[in-house]
file protein20.cif (mmCIF, C-alpha atoms; chains and numbers go by the auth columns)
data_final
#
loop_
_atom_site.group_PDB
_atom_site.id
_atom_site.type_symbol
_atom_site.label_atom_id
_atom_site.label_comp_id
_atom_site.label_asym_id
_atom_site.label_seq_id
_atom_site.Cartn_x
_atom_site.Cartn_y
_atom_site.Cartn_z
_atom_site.B_iso_or_equiv
_atom_site.auth_seq_id
_atom_site.auth_asym_id
ATOM 1 C CA MET A 1 74.235 40.004 25.165 0.00 1 A
ATOM 2 C CA ALA A 2 71.453 38.449 23.113 0.00 2 A
ATOM 3 C CA LYS A 3 71.412 34.693 22.719 0.00 3 A
ATOM 4 C CA GLY A 4 72.799 33.633 19.349 0.00 4 A
ATOM 5 C CA ALA A 5 71.315 30.889 17.186 0.00 5 A
ATOM 6 C CA ASN A 6 73.858 28.293 18.354 0.00 6 A
ATOM 7 C CA ASP A 7 74.245 29.524 21.929 0.00 7 A
ATOM 8 C CA VAL A 8 73.261 27.622 25.048 0.00 8 A
ATOM 9 C CA ILE A 9 72.240 29.182 28.345 0.00 9 A
ATOM 10 C CA LEU A 10 73.497 27.407 31.464 0.00 10 A
ATOM 11 C CA ARG A 11 72.428 28.214 35.013 0.00 11 A
ATOM 12 C CA ASP A 12 73.573 27.187 38.465 0.00 12 A
ATOM 13 C CA ARG A 13 73.049 28.306 42.062 0.00 13 A
ATOM 14 C CA LEU A 14 75.900 28.204 44.566 0.00 14 A
ATOM 15 C CA GLN A 15 75.756 28.643 48.346 0.00 15 A
ATOM 16 C CA PHE A 16 78.385 30.121 50.646 0.00 16 A
ATOM 17 C CA ASP A 17 78.583 30.844 54.382 0.00 17 A
ATOM 18 C CA ILE A 18 79.252 34.293 55.852 0.00 18 A
ATOM 19 C CA ASP A 19 80.687 34.228 59.378 0.00 19 A
ATOM 20 C CA ALA A 20 79.831 36.420 62.388 0.00 20 A
ATOM 21 C CA ASN A 21 82.430 39.003 61.302 0.00 21 A
ATOM 22 C CA GLY A 22 80.843 39.330 57.861 0.00 22 A
ATOM 23 C CA ASP A 23 83.698 37.462 56.182 0.00 23 A
ATOM 24 C CA THR A 24 83.970 34.581 53.729 0.00 24 A
ATOM 25 C CA SER A 25 87.422 33.246 52.998 0.00 25 A
ATOM 26 C CA LEU A 26 87.959 32.454 49.321 0.00 26 A
ATOM 27 C CA VAL A 27 85.732 29.528 48.327 0.00 27 A
ATOM 28 C CA TYR A 28 84.892 27.991 44.960 0.00 28 A
ATOM 29 C CA GLY A 29 81.863 26.491 43.315 0.00 29 A
ATOM 30 C CA ARG A 30 82.163 24.334 40.211 0.00 30 A
ATOM 31 C CA ILE A 31 79.986 24.701 37.106 0.00 31 A
ATOM 32 C CA ASP A 32 79.723 21.258 35.506 0.00 32 A
ATOM 33 C CA LEU A 33 80.309 21.590 31.751 0.00 33 A
ATOM 34 C CA SER A 34 80.951 17.898 31.075 0.00 34 A
ATOM 35 C CA ASP A 35 78.006 17.678 28.667 0.00 35 A
ATOM 36 C CA TYR A 36 79.661 20.244 26.420 0.00 36 A
ATOM 37 C CA VAL A 37 83.445 19.889 26.783 0.00 37 A
ATOM 38 C CA SER A 38 85.861 17.057 26.034 0.00 38 A
ATOM 39 C CA ILE A 39 89.468 17.313 24.908 0.00 39 A
ATOM 40 C CA VAL A 40 89.327 13.740 23.540 0.00 40 A
ATOM 41 C CA GLU A 41 86.307 14.613 21.380 0.00 41 A
ATOM 42 C CA ASN A 42 87.593 18.121 20.513 0.00 42 A
ATOM 43 C CA LYS A 43 84.510 19.645 22.143 0.00 43 A
ATOM 44 C CA GLY A 44 84.654 23.007 23.858 0.00 44 A
ATOM 45 C CA LEU A 45 82.619 26.044 24.784 0.00 45 A
ATOM 46 C CA ALA A 46 83.210 29.665 23.857 0.00 46 A
ATOM 47 C CA ILE A 47 81.837 31.442 26.943 0.00 47 A
ATOM 48 C CA LYS A 48 80.487 34.779 25.741 0.00 48 A
ATOM 49 C CA GLU A 49 78.937 36.126 28.914 0.00 49 A
ATOM 50 C CA VAL A 50 78.831 35.379 32.633 0.00 50 A
ATOM 51 C CA ARG A 51 76.145 36.959 34.822 0.00 51 A
ATOM 52 C CA PHE A 52 76.142 36.941 38.637 0.00 52 A
ATOM 53 C CA GLN A 53 73.258 37.603 41.032 0.00 53 A
ATOM 54 C CA LEU A 54 73.880 37.678 44.776 0.00 54 A
ATOM 55 C CA ARG A 55 70.942 36.529 46.914 0.00 55 A
ATOM 56 C CA THR A 56 70.157 36.437 50.618 0.00 56 A
ATOM 57 C CA THR A 57 68.256 33.558 52.205 0.00 57 A
ATOM 58 C CA GLY A 58 67.156 35.116 55.529 0.00 58 A
ATOM 59 C CA VAL A 59 63.575 35.407 56.637 0.00 59 A
ATOM 60 C CA GLY A 60 62.049 38.868 56.307 0.00 60 A
ATOM 61 C CA ASN A 61 63.395 39.914 52.920 0.00 61 A
ATOM 62 C CA ILE A 62 62.797 38.856 49.329 0.00 62 A
ATOM 63 C CA GLY A 63 66.243 37.532 48.581 0.00 63 A
ATOM 64 C CA VAL A 64 67.670 40.901 47.523 0.00 64 A
ATOM 65 C CA PHE A 65 71.310 41.362 48.528 0.00 65 A
ATOM 66 C CA PRO A 66 71.726 44.684 50.406 0.00 66 A
ATOM 67 C CA ASN A 67 73.539 47.499 48.656 0.00 67 A
ATOM 68 C CA LEU A 68 75.049 48.677 51.946 0.00 68 A
ATOM 69 C CA LEU A 69 77.179 45.734 53.056 0.00 69 A
ATOM 70 C CA SER A 70 78.104 46.927 56.540 0.00 70 A
ATOM 71 C CA ASP A 71 76.059 47.670 59.638 0.00 71 A
ATOM 72 C CA LEU A 72 75.332 51.347 60.266 0.00 72 A
ATOM 73 C CA SER A 73 75.804 50.778 63.992 0.00 73 A
ATOM 74 C CA VAL A 74 79.581 50.574 63.490 0.00 74 A
ATOM 75 C CA ALA A 75 79.497 54.375 63.553 0.00 75 A
ATOM 76 C CA ALA A 76 78.110 54.191 67.089 0.00 76 A
ATOM 77 C CA LEU A 77 81.297 52.428 68.143 0.00 77 A
ATOM 78 C CA GLY A 78 83.345 55.536 67.430 0.00 78 A
ATOM 79 C CA GLN A 79 84.909 54.013 64.317 0.00 79 A
ATOM 80 C CA ASN A 80 84.988 56.764 61.723 0.00 80 A
ATOM 81 C CA TYR A 81 85.583 54.639 58.625 0.00 81 A
ATOM 82 C CA PHE A 82 84.377 51.131 57.838 0.00 82 A
ATOM 83 C CA GLU A 83 84.685 49.333 54.508 0.00 83 A
ATOM 84 C CA SER A 84 83.143 46.147 53.176 0.00 84 A
ATOM 85 C CA TYR A 85 84.190 44.189 50.097 0.00 85 A
ATOM 86 C CA ILE A 86 82.997 41.417 47.802 0.00 86 A
ATOM 87 C CA LYS A 87 84.923 39.876 44.904 0.00 87 A
ATOM 88 C CA ILE A 88 83.513 37.237 42.556 0.00 88 A
ATOM 89 C CA PHE A 89 85.261 35.794 39.515 0.00 89 A
ATOM 90 C CA ALA A 90 85.039 33.019 36.929 0.00 90 A
ATOM 91 C CA THR A 91 88.181 31.032 36.140 0.00 91 A
ATOM 92 C CA THR A 92 89.537 27.697 34.998 0.00 92 A
ATOM 93 C CA THR A 93 92.416 27.919 37.502 0.00 93 A
ATOM 94 C CA ALA A 94 91.973 27.717 41.291 0.00 94 A
ATOM 95 C CA TYR A 95 93.847 30.626 42.873 0.00 95 A
ATOM 96 C CA GLU A 96 94.902 30.282 46.515 0.00 96 A
ATOM 97 C CA LEU A 97 94.806 34.011 47.330 0.00 97 A
ATOM 98 C CA ILE A 98 91.962 36.328 46.352 0.00 98 A
ATOM 99 C CA GLN A 99 94.369 39.278 46.036 0.00 99 A
ATOM 100 C CA ASP A 100 96.099 37.482 43.149 0.00 100 A
ATOM 101 C CA VAL A 101 92.938 37.617 41.021 0.00 101 A
ATOM 102 C CA GLY A 102 92.442 40.430 38.515 0.00 102 A
ATOM 103 C CA ILE A 103 91.607 40.921 34.867 0.00 103 A
ATOM 104 C CA ALA A 104 95.248 40.278 33.926 0.00 104 A
ATOM 105 C CA SER A 105 95.399 36.970 35.816 0.00 105 A
ATOM 106 C CA PRO A 106 95.747 33.900 33.564 0.00 106 A
ATOM 107 C CA ASN A 107 92.550 31.925 32.915 0.00 107 A
ATOM 108 C CA VAL A 108 90.282 34.519 34.546 0.00 108 A
ATOM 109 C CA LEU A 109 87.178 35.176 32.425 0.00 109 A
ATOM 110 C CA CYS A 110 85.567 37.993 34.407 0.00 110 A
ATOM 111 C CA VAL A 111 85.737 39.780 37.773 0.00 111 A
ATOM 112 C CA PHE A 112 82.926 41.398 39.777 0.00 112 A
ATOM 113 C CA GLU A 113 83.737 43.769 42.653 0.00 113 A
ATOM 114 C CA LYS A 114 81.389 45.413 45.141 0.00 114 A
ATOM 115 C CA GLN A 115 82.382 47.804 47.946 0.00 115 A
ATOM 116 C CA SER A 116 80.546 49.943 50.468 0.00 116 A
ATOM 117 C CA PHE A 117 81.660 52.215 53.285 0.00 117 A
ATOM 118 C CA VAL A 118 80.315 54.005 56.334 0.00 118 A
ATOM 119 C CA LEU A 119 81.887 57.316 57.380 0.00 119 A
ATOM 120 C CA SER A 120 81.036 59.146 60.606 0.00 120 A
ATOM 121 C CA ASP A 121 82.498 61.953 62.703 0.00 121 A
ATOM 122 C CA GLY A 122 84.054 59.323 64.965 0.00 122 A
ATOM 123 C CA ALA A 123 81.975 60.257 67.996 0.00 123 A
ATOM 124 C CA PRO A 124 79.470 57.884 69.644 0.00 124 A
ATOM 125 C CA GLY A 125 76.178 57.983 67.779 0.00 125 A
ATOM 126 C CA ILE A 126 75.852 58.435 64.047 0.00 126 A
ATOM 127 C CA GLY A 127 76.222 62.182 63.684 0.00 127 A
ATOM 128 C CA GLY A 128 77.858 63.269 60.448 0.00 128 A
ATOM 129 C CA LEU A 129 77.166 59.910 58.853 0.00 129 A
ATOM 130 C CA ALA A 130 77.867 59.285 55.165 0.00 130 A
ATOM 131 C CA VAL A 131 77.418 56.028 53.253 0.00 131 A
ATOM 132 C CA ASP A 132 78.291 55.007 49.746 0.00 132 A
ATOM 133 C CA ALA A 133 78.479 51.860 47.641 0.00 133 A
ATOM 134 C CA TYR A 134 79.721 50.941 44.218 0.00 134 A
ATOM 135 C CA GLU A 135 80.094 47.854 42.099 0.00 135 A
ATOM 136 C CA HIS A 136 81.951 47.098 38.899 0.00 136 A
ATOM 137 C CA MET A 137 81.843 44.158 36.531 0.00 137 A
ATOM 138 C CA PHE A 138 84.831 43.477 34.302 0.00 138 A
ATOM 139 C CA GLY A 139 82.729 41.321 32.001 0.00 139 A
ATOM 140 C CA THR A 140 83.443 38.641 29.456 0.00 140 A
ATOM 141 C CA PRO A 141 82.270 40.791 26.481 0.00 141 A
ATOM 142 C CA ASP A 142 84.836 43.425 27.509 0.00 142 A
ATOM 143 C CA LEU A 143 87.731 41.042 28.109 0.00 143 A
ATOM 144 C CA HIS A 144 86.950 38.329 25.509 0.00 144 A
ATOM 145 C CA PRO A 145 84.518 39.679 22.890 0.00 145 A
ATOM 146 C CA GLU A 146 84.591 36.492 20.801 0.00 146 A
ATOM 147 C CA GLY A 147 84.096 34.280 23.826 0.00 147 A
ATOM 148 C CA TYR A 148 86.558 32.573 26.137 0.00 148 A
ATOM 149 C CA ASP A 149 87.285 28.994 25.038 0.00 149 A
ATOM 150 C CA VAL A 150 87.128 26.351 27.766 0.00 150 A
ATOM 151 C CA VAL A 151 87.595 22.578 27.678 0.00 151 A
ATOM 152 C CA THR A 152 87.110 21.991 31.420 0.00 152 A
ATOM 153 C CA ASP A 153 84.577 22.800 34.108 0.00 153 A
ATOM 154 C CA LEU A 154 84.350 26.425 35.224 0.00 154 A
ATOM 155 C CA LEU A 155 85.212 27.572 38.750 0.00 155 A
ATOM 156 C CA ILE A 156 83.403 30.480 40.421 0.00 156 A
ATOM 157 C CA GLY A 157 85.365 32.069 43.258 0.00 157 A
ATOM 158 C CA ILE A 158 83.931 34.377 45.912 0.00 158 A
ATOM 159 C CA SER A 159 85.280 36.179 48.958 0.00 159 A
ATOM 160 C CA LEU A 160 83.725 38.717 51.367 0.00 160 A
ATOM 161 C CA GLU A 161 85.243 40.967 54.009 0.00 161 A
ATOM 162 C CA GLY A 162 83.506 43.111 56.630 0.00 162 A
ATOM 163 C CA CYS A 163 79.938 42.508 55.400 0.00 163 A
ATOM 164 C CA THR A 164 78.365 43.030 58.834 0.00 164 A
ATOM 165 C CA ASN A 165 74.877 43.955 57.660 0.00 165 A
ATOM 166 C CA ASP A 166 72.436 41.921 59.801 0.00 166 A
ATOM 167 C CA ASP A 167 70.981 40.376 56.637 0.00 167 A
ATOM 168 C CA LEU A 168 74.422 38.962 55.817 0.00 168 A
ATOM 169 C CA LYS A 169 76.573 38.048 58.827 0.00 169 A
ATOM 170 C CA SER A 170 76.162 34.529 60.233 0.00 170 A
ATOM 171 C CA THR A 171 74.040 33.465 57.258 0.00 171 A
ATOM 172 C CA THR A 172 74.215 31.229 54.234 0.00 172 A
ATOM 173 C CA ALA A 173 73.928 33.334 51.079 0.00 173 A
ATOM 174 C CA GLU A 174 73.540 32.336 47.448 0.00 174 A
ATOM 175 C CA LEU A 175 75.113 33.235 44.135 0.00 175 A
ATOM 176 C CA ASP A 176 73.156 32.629 40.939 0.00 176 A
ATOM 177 C CA VAL A 177 75.296 32.191 37.820 0.00 177 A
ATOM 178 C CA MET A 178 74.139 32.323 34.202 0.00 178 A
ATOM 179 C CA LEU A 179 76.403 31.551 31.246 0.00 179 A
ATOM 180 C CA ILE A 180 75.796 32.274 27.578 0.00 180 A
ATOM 181 C CA ALA A 181 78.110 30.071 25.543 0.00 181 A
ATOM 182 C CA GLU A 182 78.509 28.596 22.081 0.00 182 A
ATOM 183 C CA PRO A 183 79.575 24.962 21.597 0.00 183 A
ATOM 184 C CA LYS A 184 82.529 24.681 19.219 0.00 184 A
ATOM 185 C CA LYS A 185 85.111 22.293 17.859 0.00 185 A
ATOM 186 C CA ILE A 186 88.469 22.826 19.536 0.00 186 A
ATOM 187 C CA THR A 187 91.468 22.657 17.214 0.00 187 A
ATOM 188 C CA GLN A 188 95.126 22.150 18.070 0.00 188 A
ATOM 189 C CA LYS A 189 95.620 25.871 17.422 0.00 189 A
ATOM 190 C CA ASP A 190 92.918 26.654 20.011 0.00 190 A
ATOM 191 C CA LEU A 191 94.593 24.390 22.572 0.00 191 A
ATOM 192 C CA THR A 192 97.971 26.017 21.930 0.00 192 A
ATOM 193 C CA GLN A 193 96.433 29.469 22.399 0.00 193 A
ATOM 194 C CA MET A 194 94.835 28.376 25.686 0.00 194 A
ATOM 195 C CA LEU A 195 98.189 27.110 26.938 0.00 195 A
ATOM 196 C CA THR A 196 99.873 30.367 25.915 0.00 196 A
ATOM 197 C CA GLN A 197 97.234 32.453 27.724 0.00 197 A
ATOM 198 C CA ALA A 198 97.665 30.352 30.859 0.00 198 A
ATOM 199 C CA GLN A 199 101.393 31.183 30.899 0.00 199 A
ATOM 200 C CA ASP A 200 101.060 34.916 30.133 0.00 200 A
ATOM 201 C CA LEU A 201 102.200 35.952 33.609 0.00 201 A
#
call {"tool": "encode", "arguments": {"input": "protein20.cif", "output": "structure tokens"}}
result
Amino acid sequence: MAKGANDVILRDRLQFDIDANGDTSLVYGRIDLSDYVSIVENKGLAIKEVRFQLRTTGVGNIGVFPNLLSDLSVAALGQNYFESYIKIFATTTAYELIQDVGIASPNVLCVFEKQSFVLSDGAPGIGGLAVDAYEHMFGTPDLHPEGYDVVTDLLIGISLEGCTNDDLKSTTAELDVMLIAEPKKITQKDLTQMLTQAQDL
């Protein structure tokens, strides 16, 4: 989405730890929007787009997050199917369980999902190996074409499972976030609509 005449671009970088099993339990980072939002002053932001970039911090690479999330050596263990998952989302509500978050969840602006798998013949070694990966972004322009109105800070949630690639497990990784948003006056009608959306489910 191109930057409009009245739009602002906001950026932040969040860090999260990945354990030895390649997992990260649901954690949140907070995007401080206090310079732009205030219910008392009727100030809000219409968030038009959220962009995510995953980054690694290990020595020996250039910060590019691997497309294949798992370790190919899992096939050598005789395991014939191994999946890895990442979910990232922007919200104004802190969810306790990552499985509760989807595009129909109240106060969720966007959801990014990434998955990869390793498939082998199940025998020791990596004969018959197949790998695949996909990612999908349910973006703000798709879900809220006019922008999603917020009057609070924005939360960015992230969770990983089975990301055993050596560039990932037992590391601290980073998530870059960029927002394109338009400052706006928030009316009582806007506040009522926000409350209604929050109670949709």
call {"tool": "atom_distance", "arguments": {"input": "protein20.cif", "atom1": "CA of Glu146 in chain A", "atom2": "CA of Val8 in chain A"}}
result
15.0 Å
call {"tool": "closest_atom_pairs", "arguments": {"input": "protein20.cif", "of": "range 61-145 of chain A", "to": "range 170-184 of chain A", "cutoff": "12 Å", "atoms": "all atoms listed in the file", "output": "JSON lines"}}
result
{"residue": "A:Gly63", "atom": "CA", "partner": "A:Glu174", "partner_atom": "CA", "distance": 9.0}
{"residue": "A:Val64", "atom": "CA", "partner": "A:Glu174", "partner_atom": "CA", "distance": 10.4}
{"residue": "A:Phe65", "atom": "CA", "partner": "A:Ala173", "partner_atom": "CA", "distance": 8.8}
{"residue": "A:Pro66", "atom": "CA", "partner": "A:Ala173", "partner_atom": "CA", "distance": 11.6}
{"residue": "A:Ile86", "atom": "CA", "partner": "A:Leu175", "partner_atom": "CA", "distance": 11.9}
{"residue": "A:Lys87", "atom": "CA", "partner": "A:Leu175", "partner_atom": "CA", "distance": 11.9}
{"residue": "A:Ile88", "atom": "CA", "partner": "A:Leu175", "partner_atom": "CA", "distance": 9.4}
{"residue": "A:Phe89", "atom": "CA", "partner": "A:Val177", "partner_atom": "CA", "distance": 10.7}
{"residue": "A:Ala90", "atom": "CA", "partner": "A:Val177", "partner_atom": "CA", "distance": 9.8}
{"residue": "A:Leu109", "atom": "CA", "partner": "A:Leu179", "partner_atom": "CA", "distance": 11.4}
{"residue": "A:Cys110", "atom": "CA", "partner": "A:Leu179", "partner_atom": "CA", "distance": 11.6}
{"residue": "A:Gly139", "atom": "CA", "partner": "A:Leu179", "partner_atom": "CA", "distance": 11.7}
{"residue": "A:Thr140", "atom": "CA", "partner": "A:Ile180", "partner_atom": "CA", "distance": 10.1}
{"residue": "A:Pro141", "atom": "CA", "partner": "A:Ile180", "partner_atom": "CA", "distance": 10.8}
{"residue": "A:Pro145", "atom": "CA", "partner": "A:Ala181", "partner_atom": "CA", "distance": 11.8}
call {"tool": "closest_residue", "arguments": {"input": "protein20.cif", "among": "A:Leu155, A:Ile18, A:Leu160, A:Val150", "to": "Ile39 in chain A", "atoms": "only C-alpha atoms"}}
result
A:Val150
call {"tool": "resolve_selection", "arguments": {"input": "protein20.cif", "expression": "the PyMOL selection byres ((chain A and resi 93-103) around 12)", "output": "short mmCIF file (atom, residue, chain, number, x, y, z; two decimals) with C-alpha atoms, in the frame of the given file"}}
result
data_model
loop_
_atom_site.label_atom_id
_atom_site.label_comp_id
_atom_site.auth_asym_id
_atom_site.auth_seq_id
_atom_site.Cartn_x
_atom_site.Cartn_y
_atom_site.Cartn_z
CA THR A 24 83.97 34.58 53.73
CA SER A 25 87.42 33.25 53.00
CA LEU A 26 87.96 32.45 49.32
CA VAL A 27 85.73 29.53 48.33
CA TYR A 28 84.89 27.99 44.96
CA GLY A 29 81.86 26.49 43.32
CA ARG A 30 82.16 24.33 40.21
CA TYR A 85 84.19 44.19 50.10
CA ILE A 86 83.00 41.42 47.80
CA LYS A 87 84.92 39.88 44.90
CA ILE A 88 83.51 37.24 42.56
CA PHE A 89 85.26 35.79 39.52
CA ALA A 90 85.04 33.02 36.93
CA THR A 91 88.18 31.03 36.14
CA THR A 92 89.54 27.70 35.00
CA ALA A 104 95.25 40.28 33.93
CA SER A 105 95.40 36.97 35.82
CA PRO A 106 95.75 33.90 33.56
CA ASN A 107 92.55 31.92 32.92
CA VAL A 108 90.28 34.52 34.55
CA LEU A 109 87.18 35.18 32.42
CA CYS A 110 85.57 37.99 34.41
CA VAL A 111 85.74 39.78 37.77
CA PHE A 112 82.93 41.40 39.78
CA GLU A 113 83.74 43.77 42.65
CA MET A 137 81.84 44.16 36.53
CA PHE A 138 84.83 43.48 34.30
CA GLY A 139 82.73 41.32 32.00
CA THR A 140 83.44 38.64 29.46
CA ASP A 142 84.84 43.42 27.51
CA LEU A 143 87.73 41.04 28.11
CA HIS A 144 86.95 38.33 25.51
CA VAL A 150 87.13 26.35 27.77
CA THR A 152 87.11 21.99 31.42
CA ASP A 153 84.58 22.80 34.11
CA LEU A 154 84.35 26.42 35.22
CA LEU A 155 85.21 27.57 38.75
CA ILE A 156 83.40 30.48 40.42
CA GLY A 157 85.36 32.07 43.26
CA ILE A 158 83.93 34.38 45.91
CA SER A 159 85.28 36.18 48.96
CA LEU A 160 83.72 38.72 51.37
CA GLU A 161 85.24 40.97 54.01
CA GLN A 197 97.23 32.45 27.72
CA ALA A 198 97.66 30.35 30.86
CA GLN A 199 101.39 31.18 30.90
CA LEU A 201 102.20 35.95 33.61
#
call {"tool": "residues_around", "arguments": {"input": "protein20.cif", "residues": "Asn42 in chain A", "least_positions_apart": "5", "cutoff": "8 Å", "atoms": "all atoms listed in the file", "output": "PyMOL selection string"}}
result
chain A and resi 37+185-187
call {"tool": "atom_distance", "arguments": {"input": "protein20.cif", "atom1": "CA of Glu41 in chain A", "atom2": "CA of Ala5 in chain A"}}
result
22.5 Å
call {"tool": "closest_residue", "arguments": {"input": "protein20.cif", "among": "A:Asp121, A:Glu135, A:Glu83, A:Asp7", "to": "Glu49 in chain A", "atoms": "only C-alpha atoms"}}
result
A:Asp7
call {"tool": "atom_distance", "arguments": {"input": "protein20.cif", "atom1": "CA of Ser38 in chain A", "atom2": "CA of Val50 in chain A"}}
result
20.7 Å
call {"tool": "closest_residue", "arguments": {"input": "protein20.cif", "among": "A:Thr56, A:Thr164, A:Ser116, A:Gln188", "to": "Val40 in chain A", "atoms": "all atoms listed in the file"}}
result
A:Gln188
call {"tool": "axis_aligned_box", "arguments": {"input": "protein20.cif", "around": "range 42-56 of chain A", "padding_each_side": "4 Å", "output": "lines of an AutoDock Vina configuration file"}}
result
center_x = 78.9
center_y = 27.9
center_z = 35.6
size_x = 25.4
size_y = 27.6
size_z = 38.1
call {"tool": "resolve_selection", "arguments": {"input": "protein20.cif", "expression": "the PyMOL selection byres ((chain A and resi 166) around 10)", "output": "ChimeraX atom specification"}}
result
/A:20,22,58,66,69-72,163-165,167-171
call {"tool": "closest_residue", "arguments": {"input": "protein20.cif", "among": "A:Leu129, A:Gly4, A:Asp35, A:Gln115", "to": "Asn80 in chain A", "atoms": "all atoms listed in the file"}}
result
A:Leu129
call {"tool": "closest_residue", "arguments": {"input": "protein20.cif", "among": "A:Val118, A:Ile62, A:Leu54, A:Ala133", "to": "Gln15 in chain A", "atoms": "all atoms listed in the file"}}
result
A:Leu54
